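Trainee: Before I ask anything, here is the structure I am working with.
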Amino acid sequence: HIGADQAHTIIRRVEVSDASLTDTEPADQLICGDEKAAYGDQAYYTHARHDRLAEANIKDRLMRRANKHHPELPPRQKLRNRLIAKVRAAVERPFAVFKEHYGMRRVRFFNLAANRTQCMLAACAYNLRTMIGALFPPAERRA
């Protein structure tokens with residue numbers, strides 16, 4: 001689980017858990033507190049999380065989902081979800097790099113501590129690689 005910066009997809013927080021936890025359980029630990037907005041897919045939205053974000057003056061950009069009281073989302077919510085999805089797509093980039101460049105399609109160890117170390121090192125490597133691109137854009141590197 002990662003918390004990433006929207007502008008450059010720099011990884012700000014990493015939480016490693018075993019497979020018995022759902023993706024949404026460690027979500028609150030990914031919030032640093034200085035964010036302007038928090039983006040997430042439909043599974044992350046809860047009223048309690050919405051209230052915590054509002055209390056911290058962080059805009060809630062968690063996608064909404066239909067429920068038993070509202071079986072179909074109104075058109076406004078559907079549009080909101082589409083707009084949020086465009087921003088969220090960038091956060092999938094670190095996972096693509098982990099899989100394609102770092103060989104992390106699966107974790108290598110049976111030990112959570114070793115897997116946590118591997119994920120943290122991969123996040124550090126990703127951040128270093130990303131910051132080179134942010135500090136020295138490709139046009140400047142050629143000159």
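Just so we're on the same page: first chain in the structure tokens is A, next is B, and so on; residues restart at 1 for each chain, and ligands are numbered from 1 in the order they show up.
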Write out as a ChimeraX atom specification each polymer residue whose atoms come within 12 Å of Leu79 in chain A, counting only C-alpha atoms; drop sequence neighbours fewer than 6 positions from it.

Mentor: /A:63-64,73,85-86

Trainee: Filtering to N, CA and C atoms, could you give me those residues as a PDB file, in the first residue's frame?

Mentor:
ATOM      1  N   MET A  63     -13.617   7.975  -4.494  1.00  0.00           N
ATOM      2  CA  MET A  63     -14.726   7.679  -5.390  1.00  0.00           C
ATOM      3  C   MET A  63     -15.900   7.131  -4.594  1.00  0.00           C
ATOM      4  N   ARG A  64     -17.100   7.411  -5.054  1.00  0.00           N
ATOM      5  CA  ARG A  64     -18.313   6.928  -4.395  1.00  0.00           C
ATOM      6  C   ARG A  64     -18.804   5.678  -5.113  1.00  0.00           C
ATOM      7  N   LEU A  73     -25.753   5.332  -8.845  1.00  0.00           N
ATOM      8  CA  LEU A  73     -25.190   6.653  -8.557  1.00  0.00           C
ATOM      9  C   LEU A  73     -25.840   7.700  -9.438  1.00  0.00           C
ATOM     10  N   ALA A  85     -10.838   9.191 -11.307  1.00  0.00           N
ATOM     11  CA  ALA A  85     -10.117   8.049 -11.889  1.00  0.00           C
ATOM     12  C   ALA A  85      -8.941   8.504 -12.737  1.00  0.00           C
ATOM     13  N   LYS A  86      -9.076   9.630 -13.421  1.00  0.00           N
ATOM     14  CA  LYS A  86      -7.979  10.143 -14.255  1.00  0.00           C
ATOM     15  C   LYS A  86      -6.774  10.525 -13.403  1.00  0.00           C
TER      16      LYS A  86
END

Trainee: Considering only strand (DSSP E) as DSSP defines it on the backbone, what residues of range 53-91 of chain A qualify? List them as a list of chain:residue names.

Mentor: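 Residues meeting the strand (DSSP E) criterion: A:Lys59, A:Asp60, A:Arg61, A:Leu62.
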
Trainee: Taking only residues of range 38-129 of chain A that have an atom at most 12 Å from an atom of range 10-15 of chain A, what is each one's shortest atom pair and its distance in Å to one decimal, using only C-alpha atoms, in chain and number order, as JSON lines?

Mentor:
{"residue": "A:Ala90", "atom": "CA", "partner": "A:Ile10", "partner_atom": "CA", "distance": 10.6}
{"residue": "A:Val91", "atom": "CA", "partner": "A:Ile11", "partner_atom": "CA", "distance": 9.0}
{"residue": "A:Glu92", "atom": "CA", "partner": "A:Ile11", "partner_atom": "CA", "distance": 11.1}
{"residue": "A:Arg93", "atom": "CA", "partner": "A:Ile10", "partner_atom": "CA", "distance": 10.1}
{"residue": "A:Pro94", "atom": "CA", "partner": "A:Ile11", "partner_atom": "CA", "distance": 8.0}
{"residue": "A:Phe95", "atom": "CA", "partner": "A:Ile11", "partner_atom": "CA", "distance": 10.7}
{"residue": "A:Leu112", "atom": "CA", "partner": "A:Glu15", "partner_atom": "CA", "distance": 11.3}
{"residue": "A:Ala113", "atom": "CA", "partner": "A:Glu15", "partner_atom": "CA", "distance": 11.6}
{"residue": "A:Asn115", "atom": "CA", "partner": "A:Glu15", "partner_atom": "CA", "distance": 11.0}
{"residue": "A:Arg116", "atom": "CA", "partner": "A:Glu15", "partner_atom": "CA", "distance": 8.0}
{"residue": "A:Thr117", "atom": "CA", "partner": "A:Val14", "partner_atom": "CA", "distance": 10.6}
{"residue": "A:Gln118", "atom": "CA", "partner": "A:Val14", "partner_atom": "CA", "distance": 11.4}
{"residue": "A:Cys119", "atom": "CA", "partner": "A:Val14", "partner_atom": "CA", "distance": 8.0}
{"residue": "A:Met120", "atom": "CA", "partner": "A:Val14", "partner_atom": "CA", "distance": 7.0}
{"residue": "A:Leu121", "atom": "CA", "partner": "A:Val14", "partner_atom": "CA", "distance": 10.6}
{"residue": "A:Ala122", "atom": "CA", "partner": "A:Ile11", "partner_atom": "CA", "distance": 10.3}
{"residue": "A:Ala123", "atom": "CA", "partner": "A:Ile11", "partner_atom": "CA", "distance": 6.6}
{"residue": "A:Cys124", "atom": "CA", "partner": "A:Ile11", "partner_atom": "CA", "distance": 8.1}
{"residue": "A:Ala125", "atom": "CA", "partner": "A:Ile11", "partner_atom": "CA", "distance": 10.3}
{"residue": "A:Tyr126", "atom": "CA", "partner": "A:Ile10", "partner_atom": "CA", "distance": 7.9}
{"residue": "A:Asn127", "atom": "CA", "partner": "A:Ile10", "partner_atom": "CA", "distance": 5.6}
{"residue": "A:Leu128", "atom": "CA", "partner": "A:Ile10", "partner_atom": "CA", "distance": 8.9}
{"residue": "A:Arg129", "atom": "CA", "partner": "A:Ile10", "partner_atom": "CA", "distance": 9.6}

Trainee: Between A:Ala4, A:Thr9, A:Arg80, A:Ser17, single out the one closest to Met131 in chain A, counting only C-alpha atoms.

Mentor: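 Using only C-alpha atoms, Met131 in chain A sits closest to A:Thr9.
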
Trainee: Determine, counting only C-alpha atoms, which protein, DNA and RNA residues have an atom within 12 Å of an atom of Ala66 in chain A; residues of the same chain fewer than 4 positions away are not included. Present the result as a ChimeraX atom specification.

Mentor: /A:42-43,45,70-75,77-78,81

Trainee: From a DSSP calculation on the backbone, collect every residue of range 44-126 of chain A in alpha helix (DSSP H) and output the set as a VMD selection string.

Mentor: chain A and resid 47 to 55 75 to 88 93 to 100 112 to 126

Trainee: So how many Å separate CA of Gly33 in chain A and CA of Ile58 in chain A, to one decimal?

Mentor: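 Computing the Euclidean distance for CA of Gly33 in chain A and CA of Ile58 in chain A yields 7.8 Å.
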
Trainee: As a PyMOL selection string, please: the residues near Tyr44 in chain A (cut-off 12 Å, only C-alpha atoms, same-chain neighbours under 6 positions excluded).

Mentor: chain A and resi 22-28+30+38+50+60-65

Trainee: Could you state the separation of CA of His8 in chain A and CA of Ala134 in chain A in Å, given to one decimal place?

Mentor: 7.0 Å
